[in-house]
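Here is the file structure13.cif (mmCIF, C-alpha atoms).
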```
data_structure
loop_
_atom_site.label_atom_id
_atom_site.label_comp_id
_atom_site.auth_asym_id
_atom_site.auth_seq_id
_atom_site.Cartn_x
_atom_site.Cartn_y
_atom_site.Cartn_z
CA MET A 1364 20.15 8.07 -18.84
CA PRO A 1365 16.54 8.79 -19.94
CA ALA A 1366 14.79 11.68 -18.22
CA VAL A 1367 12.44 11.02 -15.34
CA ASN A 1368 8.83 11.55 -16.40
CA LEU A 1369 7.15 14.78 -15.31
CA HIS A 1370 3.41 14.57 -15.96
CA ASP A 1371 1.56 17.88 -15.64
CA LEU A 1372 -2.09 17.00 -15.01
CA SER A 1373 -3.21 20.43 -16.13
CA THR A 1374 -2.00 19.69 -19.68
CA LEU A 1375 -3.22 16.07 -20.01
CA ASP A 1376 -6.42 15.05 -21.74
CA ALA A 1377 -8.62 12.27 -20.35
CA ALA A 1378 -6.94 9.52 -22.37
CA ALA A 1379 -3.43 10.53 -21.30
CA ARG A 1380 -4.50 10.73 -17.67
CA ALA A 1381 -6.10 7.29 -17.94
CA ASP A 1382 -2.83 5.89 -19.28
CA LEU A 1383 -1.10 6.93 -16.05
CA LEU A 1384 -3.48 4.69 -14.09
CA LYS A 1385 -2.49 1.49 -15.91
CA ARG A 1386 -0.40 -1.23 -14.24
CA ALA A 1387 1.66 -4.11 -15.59
CA GLU A 1388 -1.12 -6.55 -14.74
CA SER A 1389 -3.80 -4.52 -16.53
CA ASP A 1390 -3.51 -6.80 -19.59
CA LEU A 1391 -3.00 -10.42 -18.63
CA GLY A 1392 -4.04 -11.80 -22.02
CA PRO A 1393 -0.57 -12.96 -23.16
CA PHE A 1394 0.13 -14.54 -19.77
CA LEU A 1395 -3.19 -16.38 -19.61
CA ASP A 1396 -2.44 -18.17 -22.88
CA LYS A 1397 1.01 -19.24 -21.69
CA VAL A 1398 -0.14 -20.32 -18.25
CA ARG A 1399 -2.89 -22.70 -19.37
CA PRO A 1400 -0.56 -25.53 -20.53
CA ILE A 1401 1.54 -25.15 -17.35
CA ILE A 1402 -1.55 -25.64 -15.19
CA GLU A 1403 -2.65 -28.66 -17.20
CA ALA A 1404 0.80 -30.25 -16.97
CA VAL A 1405 0.85 -29.93 -13.17
CA ARG A 1406 -2.69 -31.25 -12.89
CA SER A 1407 -1.88 -34.34 -14.95
CA GLU A 1408 1.80 -34.98 -14.12
CA GLY A 1409 2.15 -33.70 -10.53
CA ASP A 1410 5.64 -33.61 -9.03
CA ALA A 1411 7.34 -34.54 -12.29
CA ALA A 1412 5.97 -31.37 -13.91
CA LEU A 1413 7.06 -29.26 -10.94
CA ALA A 1414 10.62 -30.59 -11.21
CA ARG A 1415 10.68 -30.03 -14.97
CA PHE A 1416 9.41 -26.44 -14.69
CA ALA A 1417 11.94 -25.74 -11.92
CA ARG A 1418 14.69 -26.72 -14.36
CA ASP A 1419 13.15 -24.87 -17.33
CA PHE A 1420 11.98 -21.65 -15.64
CA ASP A 1421 14.11 -21.31 -12.49
CA ARG A 1422 17.26 -23.01 -13.83
CA ALA A 1423 17.14 -25.04 -10.63
CA PRO A 1424 17.87 -28.77 -10.28
CA VAL A 1425 14.98 -30.15 -8.22
CA ASP A 1426 14.43 -33.85 -7.58
CA PRO A 1427 10.72 -34.76 -7.90
CA ALA A 1428 11.15 -36.75 -4.68
CA ARG A 1429 12.45 -33.66 -2.82
CA ILE A 1430 9.82 -31.04 -3.61
CA ARG A 1431 9.19 -30.53 0.10
CA VAL A 1432 12.00 -28.90 2.09
CA GLU A 1433 13.45 -31.36 4.61
CA PRO A 1434 13.57 -30.44 8.35
CA GLU A 1435 17.37 -30.41 8.34
CA ALA A 1436 17.36 -27.49 5.88
CA PHE A 1437 15.63 -25.31 8.47
CA ASP A 1438 18.35 -26.13 10.99
CA ARG A 1439 21.10 -25.31 8.48
CA ALA A 1440 19.39 -22.04 7.58
CA PHE A 1441 19.98 -20.63 11.06
CA ASP A 1442 23.71 -21.19 10.56
CA GLN A 1443 23.67 -19.65 7.08
CA VAL A 1444 21.86 -16.39 7.93
CA GLU A 1445 23.68 -13.57 9.71
CA PRO A 1446 22.68 -13.12 13.38
CA GLU A 1447 21.57 -9.52 12.82
CA VAL A 1448 19.21 -10.68 10.07
CA ILE A 1449 17.75 -13.34 12.35
CA GLU A 1450 17.33 -10.72 15.07
CA ALA A 1451 15.53 -8.40 12.62
CA ILE A 1452 13.23 -11.24 11.56
CA ARG A 1453 12.41 -12.01 15.22
CA PHE A 1454 11.65 -8.31 15.81
CA ALA A 1455 9.39 -8.11 12.77
CA VAL A 1456 7.58 -11.36 13.55
CA ASP A 1457 6.85 -10.08 17.04
CA ASN A 1458 5.38 -6.79 15.77
CA ILE A 1459 3.36 -8.50 13.03
CA ARG A 1460 2.03 -11.05 15.52
CA ARG A 1461 1.05 -8.31 18.01
CA PHE A 1462 -0.83 -6.38 15.32
CA HIS A 1463 -2.77 -9.40 14.07
CA GLN A 1464 -3.55 -10.67 17.56
CA ASP A 1465 -5.15 -7.30 18.29
CA GLN A 1466 -7.00 -7.55 14.99
CA LYS A 1467 -8.37 -11.04 15.63
CA PRO A 1468 -12.07 -11.02 16.51
CA GLU A 1469 -13.58 -12.87 19.44
CA GLU A 1470 -14.75 -16.35 18.46
CA MET A 1471 -18.43 -15.47 18.79
CA TRP A 1472 -20.60 -12.53 19.71
CA LEU A 1473 -24.36 -12.28 20.18
CA HIS A 1474 -26.42 -9.11 20.64
CA GLU A 1475 -30.05 -8.92 21.69
CA VAL A 1476 -31.70 -7.28 18.66
CA ARG A 1477 -35.17 -7.54 20.22
CA PRO A 1478 -36.13 -8.73 23.71
CA GLY A 1479 -35.40 -12.47 23.59
CA ALA A 1480 -34.01 -12.48 20.03
CA PHE A 1481 -30.25 -12.81 19.62
CA ALA A 1482 -28.06 -12.43 16.52
CA GLY A 1483 -24.33 -12.34 15.97
CA ASP A 1484 -21.29 -13.85 14.29
CA ARG A 1485 -18.97 -16.78 14.88
CA PHE A 1486 -15.43 -16.77 13.47
CA LEU A 1487 -13.47 -19.95 12.74
CA PRO A 1488 -10.20 -20.51 10.84
CA ILE A 1489 -10.28 -21.81 7.30
CA PRO A 1490 -8.90 -25.39 6.99
CA SER A 1491 -5.80 -24.67 4.91
CA VAL A 1492 -3.84 -21.97 3.13
CA ALA A 1493 -0.82 -21.78 0.83
CA CYS A 1494 1.40 -18.70 1.15
CA TYR A 1495 3.15 -17.64 -2.04
CA VAL A 1496 6.62 -16.17 -1.54
CA PRO A 1497 8.26 -14.80 -4.72
CA ARG A 1498 11.97 -15.03 -5.43
CA GLY A 1499 12.60 -13.97 -9.02
CA LYS A 1500 14.13 -10.56 -8.25
CA GLY A 1501 15.46 -11.35 -4.75
CA SER A 1502 14.52 -13.22 -1.60
CA PHE A 1503 11.65 -12.09 0.57
CA PRO A 1504 11.51 -13.33 4.16
CA SER A 1505 9.26 -10.32 4.79
CA VAL A 1506 6.56 -11.90 2.60
CA VAL A 1507 6.89 -15.11 4.62
CA MET A 1508 6.19 -13.18 7.81
CA MET A 1509 3.33 -11.14 6.39
CA THR A 1510 1.52 -14.17 4.97
CA THR A 1511 2.15 -16.83 7.61
CA VAL A 1512 1.98 -14.95 10.92
CA PRO A 1513 -1.68 -13.92 10.57
CA ALA A 1514 -2.51 -17.47 9.44
CA VAL A 1515 -0.93 -18.83 12.62
CA VAL A 1516 -2.73 -16.22 14.73
CA ALA A 1517 -6.03 -17.15 13.07
CA GLY A 1518 -5.44 -20.82 13.93
CA VAL A 1519 -5.34 -22.27 10.40
CA PRO A 1520 -4.45 -25.95 10.93
CA GLU A 1521 -2.63 -26.49 7.61
CA ILE A 1522 -0.28 -23.71 6.49
CA SER A 1523 2.23 -24.19 3.69
CA ILE A 1524 4.65 -22.00 1.77
CA ILE A 1525 5.37 -22.30 -1.94
CA THR A 1526 8.40 -20.49 -3.31
CA PRO A 1527 10.70 -20.86 -6.33
CA PRO A 1528 13.98 -22.70 -5.69
CA GLY A 1529 17.30 -20.96 -6.33
CA PRO A 1530 19.97 -22.02 -8.84
CA ASP A 1531 21.23 -24.58 -6.31
CA GLY A 1532 17.81 -26.19 -6.15
CA GLU A 1533 17.27 -25.03 -2.57
CA VAL A 1534 15.01 -22.51 -0.86
CA ASP A 1535 16.49 -19.21 0.35
CA ALA A 1536 17.83 -19.65 3.90
CA ALA A 1537 16.24 -16.47 5.31
CA THR A 1538 12.89 -17.67 4.00
CA LEU A 1539 13.27 -20.84 6.07
CA VAL A 1540 14.34 -18.87 9.15
CA ALA A 1541 11.29 -16.62 8.86
CA ALA A 1542 9.01 -19.61 8.31
CA ARG A 1543 10.22 -21.43 11.43
CA LEU A 1544 10.07 -18.29 13.59
CA ALA A 1545 6.53 -17.70 12.36
CA GLY A 1546 5.60 -21.28 13.21
CA VAL A 1547 5.44 -22.90 9.75
CA GLU A 1548 7.65 -25.77 8.55
CA THR A 1549 5.87 -26.97 5.42
CA VAL A 1550 7.69 -25.39 2.48
CA TYR A 1551 7.55 -26.56 -1.13
CA LYS A 1552 10.08 -25.82 -3.88
CA CYS A 1553 7.68 -24.60 -6.52
CA GLY A 1554 6.87 -21.11 -7.71
CA GLY A 1555 5.27 -19.34 -10.62
CA ALA A 1556 2.10 -20.58 -12.27
CA GLN A 1557 3.15 -24.17 -11.58
CA GLY A 1558 3.21 -23.52 -7.83
CA VAL A 1559 -0.28 -22.06 -7.90
CA ALA A 1560 -1.51 -25.10 -9.84
CA ALA A 1561 0.20 -27.44 -7.37
CA VAL A 1562 -1.68 -26.10 -4.34
CA ALA A 1563 -4.90 -25.80 -6.33
CA TYR A 1564 -4.98 -29.46 -7.42
CA GLY A 1565 -2.46 -31.12 -5.10
CA THR A 1566 0.36 -33.41 -6.24
CA GLU A 1567 2.03 -36.53 -4.84
CA THR A 1568 3.92 -34.23 -2.43
CA VAL A 1569 2.13 -30.89 -2.34
CA ARG A 1570 -1.01 -30.79 -0.23
CA LYS A 1571 -4.05 -29.19 -1.84
CA ALA A 1572 -5.11 -25.94 -0.15
CA VAL A 1573 -8.44 -24.14 -0.16
CA LYS A 1574 -6.84 -20.69 -0.49
CA ILE A 1575 -3.65 -19.06 -1.72
CA VAL A 1576 -2.33 -15.68 -0.54
CA GLY A 1577 0.70 -13.56 -1.36
CA PRO A 1578 2.07 -11.33 -4.12
CA GLY A 1579 3.50 -12.52 -7.39
CA SER A 1580 4.39 -11.80 -11.00
CA PRO A 1581 1.83 -11.54 -13.80
CA TRP A 1582 2.38 -15.29 -14.32
CA VAL A 1583 1.19 -15.93 -10.77
CA VAL A 1584 -1.69 -13.47 -11.10
CA ALA A 1585 -2.77 -15.14 -14.35
CA ALA A 1586 -2.67 -18.60 -12.76
CA LYS A 1587 -4.74 -17.40 -9.80
CA ARG A 1588 -7.32 -15.99 -12.17
CA LEU A 1589 -7.57 -19.18 -14.23
CA LEU A 1590 -7.82 -21.33 -11.10
CA SER A 1591 -10.21 -19.12 -9.16
CA ASP A 1592 -12.95 -21.76 -9.40
CA VAL A 1593 -10.58 -24.36 -7.91
CA ILE A 1594 -8.81 -22.36 -5.17
CA ASP A 1595 -9.66 -19.07 -3.48
CA PRO A 1596 -7.08 -16.65 -5.00
CA GLY A 1597 -7.16 -14.19 -2.08
CA ILE A 1598 -6.73 -10.46 -2.58
CA PRO A 1599 -5.28 -9.31 -5.92
CA ALA A 1600 -1.57 -8.89 -5.22
CA GLY A 1601 0.57 -8.33 -8.28
CA PRO A 1602 3.69 -6.27 -9.05
CA SER A 1603 4.60 -3.55 -6.54
CA GLU A 1604 3.21 -0.04 -6.78
CA ALA A 1605 3.29 3.14 -4.71
CA ILE A 1606 2.31 6.77 -4.68
CA ILE A 1607 4.31 9.27 -2.63
CA PHE A 1608 1.95 12.18 -1.94
CA ALA A 1609 3.90 15.30 -0.99
CA ASP A 1610 2.31 18.64 -0.23
CA ASP A 1611 4.11 21.97 -0.58
CA THR A 1612 5.67 21.67 2.89
CA ALA A 1613 7.49 18.46 1.98
CA ASP A 1614 11.15 18.14 1.09
CA GLY A 1615 11.48 17.00 -2.52
CA ARG A 1616 14.71 15.17 -1.71
CA LEU A 1617 12.88 13.10 0.90
CA ALA A 1618 10.10 12.39 -1.59
CA ALA A 1619 12.66 11.17 -4.13
CA LEU A 1620 14.27 8.91 -1.55
CA ASP A 1621 10.95 7.21 -0.86
CA LEU A 1622 9.86 7.14 -4.50
CA LEU A 1623 12.64 4.65 -5.20
CA VAL A 1624 11.44 2.15 -2.58
CA GLU A 1625 8.77 0.35 -4.60
CA ALA A 1626 10.30 1.30 -7.96
CA GLU A 1627 13.33 -0.90 -7.22
CA HIS A 1628 11.23 -4.08 -6.97
CA GLY A 1629 11.30 -4.68 -10.69
CA PRO A 1630 10.71 -3.24 -14.16
CA ASP A 1631 7.02 -4.17 -13.87
CA SER A 1632 6.54 -1.99 -10.76
CA SER A 1633 4.68 1.33 -10.75
CA ALA A 1634 5.69 4.42 -8.75
CA TYR A 1635 4.60 8.05 -8.78
CA LEU A 1636 5.35 11.14 -6.77
CA VAL A 1637 2.18 13.25 -6.69
CA THR A 1638 2.52 16.89 -5.63
CA THR A 1639 1.02 20.32 -6.19
CA SER A 1640 4.42 21.97 -5.79
CA ARG A 1641 6.65 22.44 -8.82
CA LYS A 1642 9.56 23.04 -6.44
CA VAL A 1643 8.97 19.69 -4.70
CA ALA A 1644 8.74 18.01 -8.11
CA GLU A 1645 11.93 19.60 -9.45
CA ASP A 1646 13.89 19.01 -6.24
CA ALA A 1647 12.86 15.36 -6.29
CA ILE A 1648 13.90 14.84 -9.88
CA ALA A 1649 17.22 16.59 -9.23
CA ALA A 1650 17.94 14.35 -6.24
CA LEU A 1651 17.38 11.05 -8.04
CA ASP A 1652 20.72 10.89 -9.85
CA GLY A 1653 22.58 11.13 -6.54
CA TYR A 1654 20.55 8.30 -5.04
CA TRP A 1655 20.94 6.14 -8.14
CA ALA A 1656 24.71 6.61 -8.00
CA LYS A 1657 24.74 4.81 -4.64
CA MET A 1658 22.59 1.86 -5.78
CA GLY A 1659 23.69 -1.40 -7.34
CA GLU A 1660 23.24 -1.95 -11.04
CA GLN A 1661 20.19 -4.23 -10.81
CA ARG A 1662 18.05 -2.09 -8.48
CA ARG A 1663 19.14 1.11 -10.21
CA GLY A 1664 18.11 -0.44 -13.51
CA PHE A 1665 14.70 -1.50 -12.21
CA SER A 1666 13.87 1.90 -10.72
CA THR A 1667 15.18 3.80 -13.73
CA THR A 1668 12.99 1.71 -16.01
CA VAL A 1669 9.94 2.46 -13.85
CA LEU A 1670 10.46 6.21 -13.39
CA THR A 1671 11.27 6.86 -17.04
CA GLY A 1672 8.71 4.43 -18.44
CA PRO A 1673 4.92 4.35 -18.83
CA ARG A 1674 4.17 3.48 -15.19
CA GLY A 1675 6.15 5.99 -13.15
CA GLY A 1676 7.56 9.43 -12.61
CA VAL A 1677 6.35 12.67 -11.06
CA VAL A 1678 2.76 13.86 -11.34
CA LEU A 1679 2.29 17.62 -10.92
CA ALA A 1680 -1.29 18.49 -9.95
CA PRO A 1681 -2.73 21.99 -10.35
CA ASP A 1682 -4.31 21.91 -6.88
CA LEU A 1683 -5.01 19.60 -3.95
CA GLU A 1684 -8.40 18.55 -5.29
CA ALA A 1685 -6.80 17.28 -8.50
CA ALA A 1686 -4.07 15.55 -6.50
CA TYR A 1687 -6.57 13.80 -4.23
CA ALA A 1688 -8.64 12.75 -7.25
CA PHE A 1689 -5.63 11.25 -9.01
CA VAL A 1690 -4.57 9.28 -5.92
CA ASN A 1691 -8.09 7.97 -5.34
CA ASP A 1692 -8.51 6.98 -8.99
CA TYR A 1693 -5.15 5.23 -8.93
CA ALA A 1694 -5.98 3.44 -5.64
CA PRO A 1695 -2.34 2.54 -4.93
CA GLU A 1696 -1.04 -0.48 -3.09
CA HIS A 1697 1.17 1.77 -0.92
CA LEU A 1698 0.40 5.44 -0.23
CA GLU A 1699 2.85 7.59 1.68
CA VAL A 1700 1.87 11.11 2.77
CA LEU A 1701 4.72 13.58 3.29
CA GLY A 1702 4.38 17.03 4.80
CA ASP A 1703 4.22 18.92 8.07
CA GLU A 1704 0.54 18.03 8.68
CA PRO A 1705 -0.12 14.66 7.02
CA PHE A 1706 -3.36 14.05 8.93
CA ALA A 1707 -4.82 17.13 7.22
CA HIS A 1708 -4.95 15.10 3.99
CA LEU A 1709 -6.15 11.80 5.43
CA GLY A 1710 -9.86 12.54 5.18
CA ARG A 1711 -9.62 13.10 1.41
CA LEU A 1712 -7.53 10.00 0.62
CA VAL A 1713 -9.98 7.11 0.48
CA ASN A 1714 -8.52 4.48 -1.87
CA ALA A 1715 -5.23 2.88 -0.86
CA GLY A 1716 -4.02 -0.48 0.42
CA GLU A 1717 -2.08 1.24 3.17
CA ILE A 1718 -1.63 4.89 4.13
CA LEU A 1719 1.64 5.79 5.84
CA LEU A 1720 1.55 9.22 7.41
CA GLY A 1721 4.42 11.62 8.02
CA ASN A 1722 8.07 12.11 7.27
CA ARG A 1723 9.19 9.27 9.55
CA THR A 1724 6.90 6.54 8.21
CA PRO A 1725 8.47 5.42 4.93
CA VAL A 1726 7.14 2.41 3.04
CA THR A 1727 10.24 0.52 4.21
CA LEU A 1728 8.89 0.40 7.77
CA GLY A 1729 5.51 -0.80 6.58
CA ASN A 1730 7.06 -3.45 4.36
CA PHE A 1731 9.12 -5.00 7.13
CA VAL A 1732 8.58 -4.15 10.78
CA LEU A 1733 5.71 -1.82 11.66
CA GLY A 1734 3.14 -4.59 12.06
CA PRO A 1735 0.23 -3.95 9.65
CA ASN A 1736 0.23 -6.35 6.74
CA ALA A 1737 2.27 -5.37 3.70
CA VAL A 1738 0.50 -7.79 1.34
CA LEU A 1739 -1.85 -5.28 -0.23
CA PRO A 1740 -4.33 -5.07 -3.12
CA THR A 1741 -2.80 -3.92 -6.41
CA ASN A 1742 -4.02 -2.74 -9.81
CA ALA A 1743 -6.60 -0.35 -8.27
CA ALA A 1744 -8.23 -3.19 -6.32
CA ALA A 1745 -7.86 -1.05 -3.19
CA ARG A 1746 -11.12 0.58 -4.24
CA THR A 1747 -12.94 -2.51 -2.94
CA PHE A 1748 -10.31 -4.81 -1.37
CA SER A 1749 -8.45 -4.50 1.94
CA PRO A 1750 -4.93 -5.48 3.08
CA LEU A 1751 -4.24 -9.09 3.95
CA SER A 1752 -5.37 -9.60 7.53
CA VAL A 1753 -6.32 -12.20 10.09
CA PHE A 1754 -9.82 -12.09 8.58
CA ASP A 1755 -8.50 -13.55 5.32
CA TYR A 1756 -7.70 -16.74 7.21
CA MET A 1757 -11.05 -16.99 8.94
CA LYS A 1758 -14.60 -17.63 7.85
CA ARG A 1759 -17.63 -16.05 9.47
CA SER A 1760 -20.98 -17.69 10.16
CA SER A 1761 -24.02 -15.73 11.25
CA VAL A 1762 -25.61 -17.05 14.44
CA GLY A 1763 -29.20 -16.55 15.57
CA TYR A 1764 -31.23 -17.68 18.58
CA VAL A 1765 -34.87 -16.78 19.22
CA THR A 1766 -36.64 -17.47 22.51
CA ALA A 1767 -40.32 -18.07 23.15
CA ARG A 1768 -40.65 -14.45 24.27
CA ALA A 1769 -39.42 -12.99 20.98
CA TYR A 1770 -40.79 -15.54 18.52
CA PRO A 1771 -44.42 -14.32 18.03
CA GLU A 1772 -43.49 -10.81 16.93
CA LEU A 1773 -40.73 -11.95 14.60
CA ALA A 1774 -42.92 -14.71 13.14
CA ARG A 1775 -45.78 -12.30 12.43
CA HIS A 1776 -43.62 -9.87 10.44
CA ALA A 1777 -41.71 -12.65 8.67
CA GLY A 1778 -44.99 -14.29 7.66
CA VAL A 1779 -46.23 -11.06 6.10
CA LEU A 1780 -43.08 -10.73 4.01
CA ALA A 1781 -43.08 -14.42 3.03
CA ARG A 1782 -46.66 -14.24 1.75
CA TYR A 1783 -45.97 -10.98 -0.10
CA GLU A 1784 -43.04 -12.61 -1.92
CA GLY A 1785 -45.09 -15.71 -2.70
CA PHE A 1786 -43.12 -18.22 -0.62
CA GLU A 1787 -45.69 -20.65 0.77
CA ALA A 1788 -43.28 -22.89 2.69
CA HIS A 1789 -41.63 -19.85 4.25
CA ALA A 1790 -45.00 -18.65 5.47
CA ALA A 1791 -46.04 -22.08 6.73
CA ALA A 1792 -42.86 -22.37 8.82
CA VAL A 1793 -43.97 -19.39 10.93
CA SER A 1794 -47.70 -20.11 10.92
CA GLY A 1795 -50.04 -21.79 13.38
CA VAL A 1796 -48.65 -25.13 12.22
CA ARG A 1797 -45.43 -24.42 14.09
CA ASP A 1798 -47.35 -23.09 17.10
CA ALA A 1799 -49.28 -26.34 17.33
CA LEU A 1800 -46.17 -28.48 17.03
CA LEU A 1801 -44.33 -26.48 19.71
CA LYS A 1802 -47.18 -27.07 22.18
CA ARG A 1803 -46.77 -30.87 22.01
#
```

Give the structure from the file, written as structure tokens.
Amino acid sequence: MPAVNLHDLSTLDAAARADLLKRAESDLGPFLDKVRPIIEAVRSEGDAALARFARDFDRAPVDPARIRVEPEAFDRAFDQVEPEVIEAIRFAVDNIRRFHQDQKPEEMWLHEVRPGAFAGDRFLPIPSVACYVPRGKGSFPSVVMMTTVPAVVAGVPEISIITPPGPDGEVDAATLVAARLAGVETVYKCGGAQGVAAVAYGTETVRKAVKIVGPGSPWVVAAKRLLSDVIDPGIPAGPSEAIIFADDTADGRLAALDLLVEAEHGPDSSAYLVTTSRKVAEDAIAALDGYWAKMGEQRRGFSTTVLTGPRGGVVLAPDLEAAYAFVNDYAPEHLEVLGDEPFAHLGRLVNAGEILLGNRTPVTLGNFVLGPNAVLPTNAAARTFSPLSVFDYMKRSSVGYVTARAYPELARHAGVLARYEGFEAHAAAVSGVRDALLKR
């Protein structure tokens, strides 16, 4: 088995350090070229193209007349999924709903900025959203919950799910259970770039949406980018990535355990352990073989590929300042902070989709049941983007109201600025002309 990477920041030049920051989606050029004809086929052929691509890409027999999952399939799903799984989904949905209900803003607020002058915001749900749920390397009812529950809380009237069908031509049963428990029963059997195109343009069966949310492969990311002038692509959410930050009080074996969490998603994932302690680094590397021995072949293969390849391993920093700088430059999707005093580091860690603090808050809890959204910005987008939230399903309008008491002062200052900037109509709208008309 190849050796796990150990990157010593003190010995790396700027180019080598920059290479560590790259993700699988950093170069979408090859995918963009392949995705263009798929998008065009869906736009021109509709359901027929979706069925053809399901056969070609997913090896799934899908009837063009049965792109939408029928209601009976939801009923069957509850018989097909183990009761303990259904119970776990109910538990997670409840926590996720509680979190996003607390996050939801009041419909409107107004503050008196000057005596008699009021300004504020009004929040309303967007009209529609499509939630992308991947399936290529497994089934993900957790993504269903994370994408649909906040949409339901926000009050979006049209919520749909698009997801690749399995080899039997059907949608994963746990996905349907999670959808129904979240309150969504519109599910379409289409994934990949073709699914993105379907909700961007609409087909005979698939309803057009104004926005798409959810993580996906580089094919999905490429399609979102190409269709960004047709459908709002939401936050950048590509292949999984994580940094486990462990100070010198952390247990390297615990760090190794958590390092595998996002690394097992797929060979295109990215995962680093960042530490200032050579002992933590060496203990972590030594522990990995034992953990891999207990994993199945597929997930072991994925995580091995990541931790021995160009996008993973252990990063040894010469000091805390260098460690903080690396984490902030990387801006990871998931950031876990291990050590006796995790809050001591929080003030210096500013770029991350989520920050999970302490030895009992592994990424696993955040991904499934804690409540905050686990659909997070990837590829360093956490420098400017935030986690998926109830706000992503709402639009905000500014609201203003000026009374007769406040108007003269505001009009005087606005008129000065309008004339300075050369806007004659602006100035006229707050001039004596308006005063005369208001007196009638």

So that each row is one residue of segment 1619-1674 of chain A with an atom at most 9 Å from segment 1709-1728 of chain A, can you give its shortest atom pair and the distance in Å to one decimal, using all atoms listed in the file, rows by chain and rising number, as a Markdown table?
```
| residue | atom | partner | partner_atom | distance |
| --- | --- | --- | --- | --- |
| A:Asp1621 | CA | A:Pro1725 | CA | 6.5 |
| A:Val1624 | CA | A:Val1726 | CA | 7.1 |
| A:Glu1625 | CA | A:Val1726 | CA | 8.1 |
```

Written as a compact mmCIF listing (two decimals) with C-alpha atoms, in the coordinates of the input, which residues does the PyMOL selection byres ((chain A and resi 1424-1429) around 6) give for the file shown?
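Saved result, expr.txt, follows:
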```
# COMPACT_ATOMS: atom_id res chain seq x y z
CA ASP A 1410 5.64 -33.61 -9.03
CA ALA A 1411 7.34 -34.54 -12.29
CA ALA A 1414 10.62 -30.59 -11.21
CA ARG A 1418 14.69 -26.72 -14.36
CA ALA A 1423 17.14 -25.04 -10.63
CA ILE A 1430 9.82 -31.04 -3.61
CA ARG A 1431 9.19 -30.53 0.10
CA GLY A 1532 17.81 -26.19 -6.15
```

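Closest to Thr1511 of chain A among A:Ala1381, A:Leu1590, A:Val1448, A:Val1738 is A:Val1738, based on all atoms listed in the file.
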
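When all atoms listed in the file are used to compute distances to Asp1382 of chain A, the closest of the residues A:Gly1409, A:Pro1497, A:Phe1454, A:His1370 turns out to be A:His1370.
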
Residues selected by the PyMOL selection byres ((chain A and resi 1643-1653) around 9), written as a PDB file with C-alpha atoms, in the frame of the given file:
```pdb
ATOM      1  CA  ALA A1366      14.790  11.680 -18.220  1.00  0.00           C
ATOM      2  CA  VAL A1367      12.440  11.020 -15.340  1.00  0.00           C
ATOM      3  CA  ASN A1368       8.830  11.550 -16.400  1.00  0.00           C
ATOM      4  CA  LEU A1369       7.150  14.780 -15.310  1.00  0.00           C
ATOM      5  CA  ALA A1609       3.900  15.300  -0.990  1.00  0.00           C
ATOM      6  CA  ASP A1610       2.310  18.640  -0.230  1.00  0.00           C
ATOM      7  CA  ASP A1611       4.110  21.970  -0.580  1.00  0.00           C
ATOM      8  CA  THR A1612       5.670  21.670   2.890  1.00  0.00           C
ATOM      9  CA  ALA A1613       7.490  18.460   1.980  1.00  0.00           C
ATOM     10  CA  ASP A1614      11.150  18.140   1.090  1.00  0.00           C
ATOM     11  CA  GLY A1615      11.480  17.000  -2.520  1.00  0.00           C
ATOM     12  CA  ARG A1616      14.710  15.170  -1.710  1.00  0.00           C
ATOM     13  CA  LEU A1617      12.880  13.100   0.900  1.00  0.00           C
ATOM     14  CA  ALA A1618      10.100  12.390  -1.590  1.00  0.00           C
ATOM     15  CA  ALA A1619      12.660  11.170  -4.130  1.00  0.00           C
ATOM     16  CA  LEU A1620      14.270   8.910  -1.550  1.00  0.00           C
ATOM     17  CA  LEU A1622       9.860   7.140  -4.500  1.00  0.00           C
ATOM     18  CA  LEU A1623      12.640   4.650  -5.200  1.00  0.00           C
ATOM     19  CA  LEU A1636       5.350  11.140  -6.770  1.00  0.00           C
ATOM     20  CA  VAL A1637       2.180  13.250  -6.690  1.00  0.00           C
ATOM     21  CA  THR A1638       2.520  16.890  -5.630  1.00  0.00           C
ATOM     22  CA  THR A1639       1.020  20.320  -6.190  1.00  0.00           C
ATOM     23  CA  SER A1640       4.420  21.970  -5.790  1.00  0.00           C
ATOM     24  CA  ARG A1641       6.650  22.440  -8.820  1.00  0.00           C
ATOM     25  CA  LYS A1642       9.560  23.040  -6.440  1.00  0.00           C
ATOM     26  CA  TYR A1654      20.550   8.300  -5.040  1.00  0.00           C
ATOM     27  CA  TRP A1655      20.940   6.140  -8.140  1.00  0.00           C
ATOM     28  CA  ALA A1656      24.710   6.610  -8.000  1.00  0.00           C
ATOM     29  CA  LYS A1657      24.740   4.810  -4.640  1.00  0.00           C
ATOM     30  CA  GLY A1676       7.560   9.430 -12.610  1.00  0.00           C
ATOM     31  CA  VAL A1677       6.350  12.670 -11.060  1.00  0.00           C
ATOM     32  CA  VAL A1678       2.760  13.860 -11.340  1.00  0.00           C
ATOM     33  CA  LEU A1679       2.290  17.620 -10.920  1.00  0.00           C
TER      34      LEU A1679
END
```

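Using all atoms listed in the file, the shortest contact distance between His1463 of chain A and any of A:Pro1750, A:Gly1664, A:Gly1629, A:Gly1558 is found at A:Pro1750.
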
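Using all atoms listed in the file, the smallest distance between any of A:Phe1416, A:Phe1441, A:Tyr1564, A:Tyr1687 and Val1540 of chain A comes from A:Phe1441.
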
Contacts between segment 1542-1555 of chain A and segment 1475-1513 of chain A, please, where a residue of segment 1475-1513 of chain A counts if it comes within 9 Å (with only C-alpha atoms); show its shortest atom pair and distance in Å to one decimal, rows by chain and ascending number, as a Markdown table.
```
| residue | atom | partner | partner_atom | distance |
| --- | --- | --- | --- | --- |
| A:Tyr1495 | CA | A:Gly1554 | CA | 7.6 |
| A:Val1496 | CA | A:Gly1554 | CA | 7.9 |
| A:Pro1497 | CA | A:Gly1554 | CA | 7.1 |
| A:Arg1498 | CA | A:Gly1554 | CA | 8.3 |
| A:Pro1504 | CA | A:Ala1542 | CA | 7.9 |
| A:Val1507 | CA | A:Ala1542 | CA | 6.2 |
| A:Met1508 | CA | A:Ala1545 | CA | 6.4 |
| A:Thr1511 | CA | A:Ala1545 | CA | 6.5 |
| A:Val1512 | CA | A:Ala1545 | CA | 5.5 |
```
